[in-house]
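Data block below; observations after.
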Amino acid sequence: MYRRSEPEGQGLRRERAYQRLRSGGGSLLDLVPAVAEEPAAPEEVGPGEEARPTARATEIPAAVRHARAPEEQPSPVADFFPHLHLMGSIGFDDIFVWLRDGVRWIAIALILSVAAAFAYAVTATPRYTVYTDLVVDPSNLNVVSDDVFTSNPQRDAQLLEVESKLRVLTSRNVLQRVIDGLRLADDPEFVKPSPLDWLKALISAPDGKAGKELAALRALSERVEARREERSFVVALEVWSEESARAVTLSDAIVEAFEAELFQAAAESAGRVAQNLNARLDELRRNVTEAEKKVEDFRRDNGLQSTNGELVSNQLSGELNTQVLGAQQRFIQAETRYKQMGAAVASGQTASASVFESANMTNLRQQYNVLQQQIGSMQLTYGERHPRLVAARSERTALEAAMKDEARRILERAKADFDREQEALDALRGKADDEKSNVFTDNEAQVQLRALERDARSKAAIYETHLARAQQITERQQIDTTNIRVISRALPPKSRSWPPRTLVLLVGGAVLGLALGIAAALARGLWRFLRGKTHAAA
C-alpha cells in the first residue's frame with residue numbers, strides 16, 4: 001500500500017500526473033520542468049508477505065536538466081508554487097481531505113456567523129413598513145364653472161400630471177409639513193446623536209434647529225417611497241418606522257400634508273390670478289370713470305339733457321307739436337263759429353240762429369216768443385189799430401233790436417276768440433319750428449354722444465366682467481378641488497419588515513458561516529498544496 005508520506009510514492013504520483021497531462025494535448029503546465037523516473041529497488045518483505053514493486057522518482061540534477069532542455073528555464077511562479085503543474089490531478093479525495101483538515105475553521109466560521117446573526121437580530125433597529133393606496137385623479141373637481149385650471153383629456157398628459165403629483169407626494173415641502181406637524185426635529189428616532197458630535201462641537205458651532213430639521217428631513221426622505229401602479233392612477237405610498245404605530249401616524253400625516261400642499265398650490269395659483277386681476281381692475285376702473293365723465297361733459301356742453309333715456313328737446317318738441325295740433329283745432333272751431341255768426345248777422349237770422357249762445361240771448365228769445373204769441377192772440381181779438389196791439393208790436397221791435405245788439409256782441413266775442421286762437425297757433429308754430437331746429441342740432445350731437453356712451457358701456461362691461469371674475473377666483477381660493485382619494489389606509493403591521501425573524505437570521509447566518517468556512521478550508525488546502533506542504537491523495 002502506498003503512503004502519502006513516502007517520497008517514492010510522491011515522486012511516482014507526480015510523474016504519472018505529469019505524463020497524464022502531457023498526453024492530454026499540452027497546456028501551460030507543460031512549461032514546468034519534467035521529473036525523471038528511475039527504477040526503484042525492491043522493498044524488503046518479511047516472512048509471509050509478497051514482494052510489491054516500488055517506484056522511486058528522483059529529480060533530475062540541475063546540470064542534466066540544463067543539458068537536456070537548455071531552453072527551459074525556471075519561472076518565479078513555479079518556484080513559489082512548486083506544485084502548480086499538479087493542479088489537474090486534484091480530485092474529490094483531495095477536496096475531502098482539505099475539508100477534513102479544515103473542520104476547525106468551518107466550525108469557527110459557523111459559530112461566528114450564527115453569533116453575528118444572533119447579535120444583529122438582537123441589536124438591529126426594527127423596521128415596520130405600512131402601505132397606503134391613493135387614487136390621484138388628474139381631473140380636478142368641477143366645483144365652479146369656467147375654473148382657473150383646465151383638464152387635458154389626453155392620456156399621456158394625464159399620466160404626466162399624476163407623475164408630477166407623485167413627485168409632490170415625496171417632495172421636501174410635504175415632508176417639511178410632516179416634520180413641523182409631528183415635531184420630528186426633536187424626535188431621537190429621526191435626529192440620532194453621532195459619536196463625533198463632541199468633535200464637531202469643538203470645531204464649529206452646533207447646528208441648532210436648522211441642522212436638526214435637515215437631519216430629520218434626510219431621515220424621513222429615506223423612509224418614504226411612492227410609486228404608481230402600472231396602467232392606473234393608483235399611487236402606493238410606502239413608509240417605515242421603528243414603531244408600528246409611528247409608521248401609521250407618519251403615513252397618515254404624509255397623506256394629509258400632500259392634500260394640504262396640493263390645495264395650497266392651487267390656492268396660491270388662484271391668488272396670483274386674483275392679484276393680477278385686482279391690479280388690472282384699478283386701471284379699468286379709471287378708464288370707466290374717464291369714459292363716463294366724457295359722456296356727462298359732452299351732454300352738459302351741448303345741453304343734451306335726458307329724462308328716462310330720452311332727450312328733453314325731443315320731449316319738448318313732441319309736446320309743442322301736440323300743443324300746435326290742439327291750437328289748430330281750436331282755431332278751426334273759432335273760425336267756423338265766427339263765419340257762421342257773420343253769415344247769420346248778414347242774413348238777419350240772429351233771433352233764430354243757434355250759433356248765438358248766451359244767457360242774455362236765451363232770455364231775449366224767450367221774451368220774444370211770449371210776446372209773439374200775445375201779438376197773435378191780440379190780432380184775433382182786437383183790431384189792427386188797438387192800442388194794446390200797437391204797444392205789443394213796439395215791444396217786439398225793441399226785443400228784435402236787443403237780440404241784434406246781443407248777436408253783434410257775441411260776434412265780436414267770437415272774432416276776439418278767433419284772433420286769439422290764431423295768434424296762439426302762430427306762436428306755437430313758431431316755437432315748434434324753433435324747437436325742431438334744436439332737435440336736429442341735438443340729434444347731430446347725440447350721434448357723438450352715443451359713440452361716447454358705447455365706449456363707456458364697453459369699458460364698464462369689461463370692468464364688471466373682470467370684477468366678477470376676480471371675486472369668483474378670490475372665493476375659489478377657499479375651495480379644495482383636488483381629486484385625491486385614499487382607497488386603502490395604512491394599518492399597523494403584524495410583524496417587522498426588517499430585520500427578518502431571529503430564526504431566519506440564525507439559519508441564514510449558519511448557511512453563510514458554513515459557506516465561508518468551506519471556502520476558507522478549501523482555500524487553505526489549495527494554498528498548502530500549491531506551496532508543496534501537502535500532496536494530492538493517491
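By convention in this document, the chains of the C-alpha cells carry letters A, B, ... by their order, each chain's residues are numbered from 1, and ligands are numbered from 1 in the order they are shown.
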May I have all residues of region 267-469 of chain A that DSSP, computed from the backbone, assigns to strand (DSSP E), given as a PyMOL selection string?
chain A and resi 306-307+310-311
Deliver the residues from the most recent selection as a file, using all heavy atoms, as an mmCIF file, in the first residue's frame.
data_model
loop_
_atom_site.group_PDB
_atom_site.id
_atom_site.type_symbol
_atom_site.label_atom_id
_atom_site.label_comp_id
_atom_site.auth_asym_id
_atom_site.auth_seq_id
_atom_site.Cartn_x
_atom_site.Cartn_y
_atom_site.Cartn_z
ATOM 1 N N SER A 306 -81.518 114.594 -20.602
ATOM 2 C CA SER A 306 -82.411 113.477 -20.910
ATOM 3 C C SER A 306 -83.219 113.104 -19.689
ATOM 4 O O SER A 306 -82.790 113.316 -18.542
ATOM 5 C CB SER A 306 -81.603 112.261 -21.382
ATOM 6 O OG SER A 306 -80.721 111.819 -20.354
ATOM 7 N N THR A 307 -84.400 112.585 -19.956
ATOM 8 C CA THR A 307 -85.284 112.088 -18.908
ATOM 9 C C THR A 307 -85.817 110.737 -19.347
ATOM 10 O O THR A 307 -86.399 110.614 -20.431
ATOM 11 C CB THR A 307 -86.456 113.054 -18.672
ATOM 12 O OG1 THR A 307 -85.932 114.353 -18.348
ATOM 13 C CG2 THR A 307 -87.340 112.562 -17.536
ATOM 14 N N GLU A 310 -84.556 109.694 -22.704
ATOM 15 C CA GLU A 310 -84.943 110.477 -23.878
ATOM 16 C C GLU A 310 -84.535 111.928 -23.648
ATOM 17 O O GLU A 310 -84.676 112.463 -22.543
ATOM 18 C CB GLU A 310 -86.442 110.381 -24.111
ATOM 19 C CG GLU A 310 -86.897 111.048 -25.403
ATOM 20 C CD GLU A 310 -88.388 110.890 -25.637
ATOM 21 O OE1 GLU A 310 -89.052 110.289 -24.758
ATOM 22 O OE2 GLU A 310 -88.896 111.377 -26.673
ATOM 23 N N LEU A 311 -84.034 112.539 -24.707
ATOM 24 C CA LEU A 311 -83.601 113.924 -24.599
ATOM 25 C C LEU A 311 -84.788 114.836 -24.288
ATOM 26 O O LEU A 311 -85.906 114.630 -24.776
ATOM 27 C CB LEU A 311 -82.922 114.373 -25.889
ATOM 28 C CG LEU A 311 -81.559 113.729 -26.196
ATOM 29 C CD1 LEU A 311 -81.048 114.201 -27.541
ATOM 30 C CD2 LEU A 311 -80.561 114.039 -25.100
#
Per residue of region 339-399 of chain A within 12 Å of region 415-434 of chain A, which atom pair is closest and at what distance in Å (one decimal), using only C-alpha atoms, listed by chain and increasing number, as a tab-separated table?
residue	atom	partner	partner_atom	distance
A:Lys339	CA	A:Lys415	CA	9.1
A:Gln340	CA	A:Lys415	CA	11.2
A:Met341	CA	A:Lys415	CA	9.5
A:Gly342	CA	A:Lys415	CA	9.4
Export N, CA and C atoms of the chosen residues as an mmCIF file, in the first residue's frame?
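Generated output (selection13.cif):
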data_model
loop_
_atom_site.group_PDB
_atom_site.id
_atom_site.type_symbol
_atom_site.label_atom_id
_atom_site.label_comp_id
_atom_site.auth_asym_id
_atom_site.auth_seq_id
_atom_site.Cartn_x
_atom_site.Cartn_y
_atom_site.Cartn_z
ATOM 1 N N LYS A 339 -117.460 132.554 -38.678
ATOM 2 C CA LYS A 339 -118.059 132.661 -40.008
ATOM 3 C C LYS A 339 -119.567 132.393 -39.956
ATOM 4 N N GLN A 340 -119.972 131.432 -39.148
ATOM 5 C CA GLN A 340 -121.414 131.140 -39.045
ATOM 6 C C GLN A 340 -122.152 132.340 -38.431
ATOM 7 N N MET A 341 -121.562 132.939 -37.427
ATOM 8 C CA MET A 341 -122.217 134.112 -36.823
ATOM 9 C C MET A 341 -122.281 135.287 -37.797
ATOM 10 N N GLY A 342 -121.177 135.471 -38.548
ATOM 11 C CA GLY A 342 -121.186 136.566 -39.528
ATOM 12 C C GLY A 342 -122.259 136.359 -40.598
#
At a cut-off of 7 Å, using only C-alpha atoms, what residues contact region 76-84 of chain A? Leave out same-chain residues fewer than 3 positions from it and give the result as JSON, numbers by chain. {"A": [32, 87, 529, 530, 531, 532]}
Residue selection dump (N, CA and C atoms) as a PDB file, in the first residue's frame:
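Once everything was written out, this is part_17.pdb:
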ATOM      1  N   VAL A  32       6.400  23.658 -16.951  1.00  0.00           N
ATOM      2  CA  VAL A  32       7.049  23.313 -15.683  1.00  0.00           C
ATOM      3  C   VAL A  32       8.059  22.195 -15.959  1.00  0.00           C
ATOM      4  N   MET A  87      -2.110  20.881 -10.671  1.00  0.00           N
ATOM      5  CA  MET A  87      -3.498  21.322 -10.447  1.00  0.00           C
ATOM      6  C   MET A  87      -4.508  20.370 -11.057  1.00  0.00           C
ATOM      7  N   PHE A 529      -1.343  22.944  -0.798  1.00  0.00           N
ATOM      8  CA  PHE A 529      -0.993  22.036  -1.883  1.00  0.00           C
ATOM      9  C   PHE A 529      -0.072  22.699  -2.897  1.00  0.00           C
ATOM     10  N   LEU A 530      -0.431  23.935  -3.283  1.00  0.00           N
ATOM     11  CA  LEU A 530       0.403  24.632  -4.268  1.00  0.00           C
ATOM     12  C   LEU A 530       1.770  24.988  -3.707  1.00  0.00           C
ATOM     13  N   ARG A 531       1.851  25.220  -2.428  1.00  0.00           N
ATOM     14  CA  ARG A 531       3.128  25.539  -1.811  1.00  0.00           C
ATOM     15  C   ARG A 531       3.963  24.298  -1.545  1.00  0.00           C
ATOM     16  N   GLY A 532       3.394  23.115  -1.791  1.00  0.00           N
ATOM     17  CA  GLY A 532       4.147  21.878  -1.615  1.00  0.00           C
ATOM     18  C   GLY A 532       4.145  21.349  -0.211  1.00  0.00           C
TER      19      GLY A 532
END
Show me, as a tab-separated table, the residues of region 449-518 of chain A having an atom within 12 Å of region 271-284 of chain A, each with the closest atom pair and its distance in Å, using only C-alpha atoms.
residue	atom	partner	partner_atom	distance
A:Ala456	CA	A:Leu284	CA	11.0
A:Ser458	CA	A:Leu284	CA	10.9
A:Lys459	CA	A:Leu284	CA	7.2
A:Ala460	CA	A:Leu284	CA	8.1
A:Ala461	CA	A:Leu284	CA	10.0
A:Ile462	CA	A:Leu284	CA	7.7
A:Tyr463	CA	A:Leu284	CA	5.6
A:Glu464	CA	A:Leu281	CA	9.1
A:Thr465	CA	A:Leu281	CA	9.9
A:His466	CA	A:Leu277	CA	6.7
A:Leu467	CA	A:Leu281	CA	6.8
A:Ala468	CA	A:Leu277	CA	10.1
A:Arg469	CA	A:Leu277	CA	8.1
A:Ala470	CA	A:Ala274	CA	5.2
A:Gln471	CA	A:Ala274	CA	7.8
A:Gln472	CA	A:Ala274	CA	8.7
A:Ile473	CA	A:Ala274	CA	5.9
A:Thr474	CA	A:Ala274	CA	6.1
A:Glu475	CA	A:Gly271	CA	9.7
A:Arg476	CA	A:Gly271	CA	8.8
A:Gln477	CA	A:Gly271	CA	6.6
A:Gln478	CA	A:Gly271	CA	10.1
Can you spit out the residues from that selection as a PDB file, in the first residue's frame, using N, CA and C atoms?
ATOM      1  N   ALA A 456     -68.151 104.015 -23.210  1.00  0.00           N
ATOM      2  CA  ALA A 456     -68.279 103.902 -21.758  1.00  0.00           C
ATOM      3  C   ALA A 456     -68.916 102.568 -21.356  1.00  0.00           C
ATOM      4  N   SER A 458     -68.864  99.687 -23.067  1.00  0.00           N
ATOM      5  CA  SER A 458     -67.929  98.575 -23.307  1.00  0.00           C
ATOM      6  C   SER A 458     -66.878  98.508 -22.206  1.00  0.00           C
ATOM      7  N   LYS A 459     -66.354  99.672 -21.818  1.00  0.00           N
ATOM      8  CA  LYS A 459     -65.365  99.674 -20.738  1.00  0.00           C
ATOM      9  C   LYS A 459     -65.996  99.257 -19.416  1.00  0.00           C
ATOM     10  N   ALA A 460     -67.224  99.675 -19.190  1.00  0.00           N
ATOM     11  CA  ALA A 460     -67.914  99.259 -17.969  1.00  0.00           C
ATOM     12  C   ALA A 460     -68.185  97.753 -17.969  1.00  0.00           C
ATOM     13  N   ALA A 461     -68.527  97.202 -19.141  1.00  0.00           N
ATOM     14  CA  ALA A 461     -68.772  95.757 -19.223  1.00  0.00           C
ATOM     15  C   ALA A 461     -67.491  94.974 -18.945  1.00  0.00           C
ATOM     16  N   ILE A 462     -66.370  95.434 -19.521  1.00  0.00           N
ATOM     17  CA  ILE A 462     -65.096  94.763 -19.264  1.00  0.00           C
ATOM     18  C   ILE A 462     -64.735  94.850 -17.784  1.00  0.00           C
ATOM     19  N   TYR A 463     -64.949  96.013 -17.223  1.00  0.00           N
ATOM     20  CA  TYR A 463     -64.638  96.191 -15.806  1.00  0.00           C
ATOM     21  C   TYR A 463     -65.508  95.286 -14.926  1.00  0.00           C
ATOM     22  N   GLU A 464     -66.793  95.213 -15.235  1.00  0.00           N
ATOM     23  CA  GLU A 464     -67.684  94.363 -14.444  1.00  0.00           C
ATOM     24  C   GLU A 464     -67.330  92.888 -14.599  1.00  0.00           C
ATOM     25  N   THR A 465     -66.926  92.490 -15.823  1.00  0.00           N
ATOM     26  CA  THR A 465     -66.530  91.097 -16.033  1.00  0.00           C
ATOM     27  C   THR A 465     -65.292  90.756 -15.221  1.00  0.00           C
ATOM     28  N   HIS A 466     -64.295  91.631 -15.274  1.00  0.00           N
ATOM     29  CA  HIS A 466     -63.080  91.392 -14.507  1.00  0.00           C
ATOM     30  C   HIS A 466     -63.357  91.433 -13.006  1.00  0.00           C
ATOM     31  N   LEU A 467     -64.232  92.323 -12.594  1.00  0.00           N
ATOM     32  CA  LEU A 467     -64.555  92.408 -11.172  1.00  0.00           C
ATOM     33  C   LEU A 467     -65.232  91.133 -10.684  1.00  0.00           C
ATOM     34  N   ALA A 468     -66.202  90.651 -11.471  1.00  0.00           N
ATOM     35  CA  ALA A 468     -66.883  89.409 -11.087  1.00  0.00           C
ATOM     36  C   ALA A 468     -65.922  88.226 -11.101  1.00  0.00           C
ATOM     37  N   ARG A 469     -65.017  88.202 -12.106  1.00  0.00           N
ATOM     38  CA  ARG A 469     -64.051  87.112 -12.188  1.00  0.00           C
ATOM     39  C   ARG A 469     -63.073  87.150 -11.017  1.00  0.00           C
ATOM     40  N   ALA A 470     -62.641  88.348 -10.644  1.00  0.00           N
ATOM     41  CA  ALA A 470     -61.717  88.473  -9.511  1.00  0.00           C
ATOM     42  C   ALA A 470     -62.385  88.002  -8.219  1.00  0.00           C
ATOM     43  N   GLN A 471     -63.637  88.391  -8.027  1.00  0.00           N
ATOM     44  CA  GLN A 471     -64.348  87.941  -6.832  1.00  0.00           C
ATOM     45  C   GLN A 471     -64.561  86.435  -6.837  1.00  0.00           C
ATOM     46  N   GLN A 472     -64.849  85.878  -8.022  1.00  0.00           N
ATOM     47  CA  GLN A 472     -65.049  84.433  -8.117  1.00  0.00           C
ATOM     48  C   GLN A 472     -63.757  83.683  -7.814  1.00  0.00           C
ATOM     49  N   ILE A 473     -62.639  84.144  -8.345  1.00  0.00           N
ATOM     50  CA  ILE A 473     -61.361  83.477  -8.109  1.00  0.00           C
ATOM     51  C   ILE A 473     -60.934  83.649  -6.657  1.00  0.00           C
ATOM     52  N   THR A 474     -61.247  84.810  -6.075  1.00  0.00           N
ATOM     53  CA  THR A 474     -60.936  85.002  -4.661  1.00  0.00           C
ATOM     54  C   THR A 474     -61.691  84.001  -3.795  1.00  0.00           C
ATOM     55  N   GLU A 475     -62.947  83.770  -4.113  1.00  0.00           N
ATOM     56  CA  GLU A 475     -63.705  82.745  -3.398  1.00  0.00           C
ATOM     57  C   GLU A 475     -63.202  81.348  -3.731  1.00  0.00           C
ATOM     58  N   ARG A 476     -62.681  81.182  -4.951  1.00  0.00           N
ATOM     59  CA  ARG A 476     -62.161  79.870  -5.372  1.00  0.00           C
ATOM     60  C   ARG A 476     -60.958  79.453  -4.523  1.00  0.00           C
ATOM     61  N   GLN A 477     -60.248  80.424  -3.966  1.00  0.00           N
ATOM     62  CA  GLN A 477     -59.102  80.096  -3.128  1.00  0.00           C
ATOM     63  C   GLN A 477     -59.511  79.299  -1.898  1.00  0.00           C
ATOM     64  N   GLN A 478     -60.740  79.457  -1.461  1.00  0.00           N
ATOM     65  CA  GLN A 478     -61.203  78.784  -0.252  1.00  0.00           C
ATOM     66  C   GLN A 478     -61.804  77.414  -0.539  1.00  0.00           C
TER      67      GLN A 478
END
For Lys212 (chain A): contacts at 10 Å, only C-alpha atoms, fewer than 6 positions along chain excluded, given as a VMD selection string:
chain A and resid 184 to 187 190 to 192 206 218
So that I have them on file, write out the residues from the current selection with C-alpha atoms, as a PDB file, in the first residue's frame.
ATOM      1  CA  LEU A 184     -39.761  65.203  14.255  1.00  0.00           C
ATOM      2  CA  ALA A 185     -36.796  67.546  14.681  1.00  0.00           C
ATOM      3  CA  ASP A 186     -36.969  66.753  18.413  1.00  0.00           C
ATOM      4  CA  ASP A 187     -37.520  63.017  17.904  1.00  0.00           C
ATOM      5  CA  PHE A 190     -35.002  60.877  13.259  1.00  0.00           C
ATOM      6  CA  VAL A 191     -32.258  63.027  14.773  1.00  0.00           C
ATOM      7  CA  LYS A 192     -29.835  60.488  16.238  1.00  0.00           C
ATOM      8  CA  PRO A 206     -23.722  73.456  16.903  1.00  0.00           C
ATOM      9  CA  ARG A 218     -32.993  63.361   5.368  1.00  0.00           C
TER      10      ARG A 218
END
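The gap separating CA of Ala260 (chain A) from CA of Ala245 (chain A) is 22.5 Å, in Å to one decimal.
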So that I can check the surroundings of Leu505 (chain A), please list as a ChimeraX atom specification every protein, DNA and RNA residue that reaches within 10 Å of it, counting only C-alpha atoms and ignoring chain neighbours fewer than 4 positions away.
/A:113-114,116-121,499-501,509-511
So that I have them on file, write out the residues from the current selection with C-alpha atoms, as a JSON list (two decimals), in the first residue's frame.
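The resulting selection_36.json:
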[["chain", "number", "residue", "atom", "x", "y", "z"],
["A", 113, "SER", "CA", -21.73, 33.69, 11.68],
["A", 114, "VAL", "CA", -24.50, 32.35, 13.89],
["A", 116, "ALA", "CA", -23.17, 37.59, 14.47],
["A", 117, "ALA", "CA", -26.66, 36.83, 13.13],
["A", 118, "PHE", "CA", -28.00, 36.47, 16.65],
["A", 119, "ALA", "CA", -26.30, 39.69, 17.75],
["A", 120, "TYR", "CA", -27.71, 41.53, 14.73],
["A", 121, "ALA", "CA", -31.18, 40.13, 15.40],
["A", 499, "PRO", "CA", -34.69, 42.53, 10.14],
["A", 500, "PRO", "CA", -36.25, 39.12, 9.46],
["A", 501, "ARG", "CA", -37.24, 36.84, 12.31],
["A", 509, "GLY", "CA", -26.08, 33.01, 9.40],
["A", 510, "ALA", "CA", -25.48, 29.28, 9.67],
["A", 511, "VAL", "CA", -25.65, 28.86, 5.90]]
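CA of Glu243 (chain A) lies 7.2 Å from CA of Arg127 (chain A).
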Practice item. List every residue of region 383-534 of chain A that DSSP, applied to the backbone of this structure, places in alpha helix (DSSP H), and write the result as a PyMOL selection string. Key: chain A and resi 387-476+502-530
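If only C-alpha atoms are the atoms counted, then among A:Glu453, A:Asp133, A:Asp297, A:Glu261 the closest residue to Leu237 (chain A) is A:Asp133.
If only C-alpha atoms are the atoms counted, then among A:Leu160, A:Ile410, A:Ala219, A:Ala226 the closest residue to Ser251 (chain A) is A:Ala226.
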| said: Neighbouring residues of Val168 (chain A) were defined as those with any atom within 12 Å, considering only C-alpha atoms; residues of the same chain fewer than 2 positions away were excluded. Please report them as a ChimeraX atom specification. | reply: /A:136,161-166,170-176,225-227,235,254-255,257-263,265
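Here CA of Ile90 (chain A) and CA of Arg528 (chain A) stand 12.7 Å from one another.
Restricting the calculation to only C-alpha atoms, the smallest distance between Leu389 (chain A) and any of A:Ile375, A:Ala401, A:Val178, A:Ala343 is found for A:Ile375.
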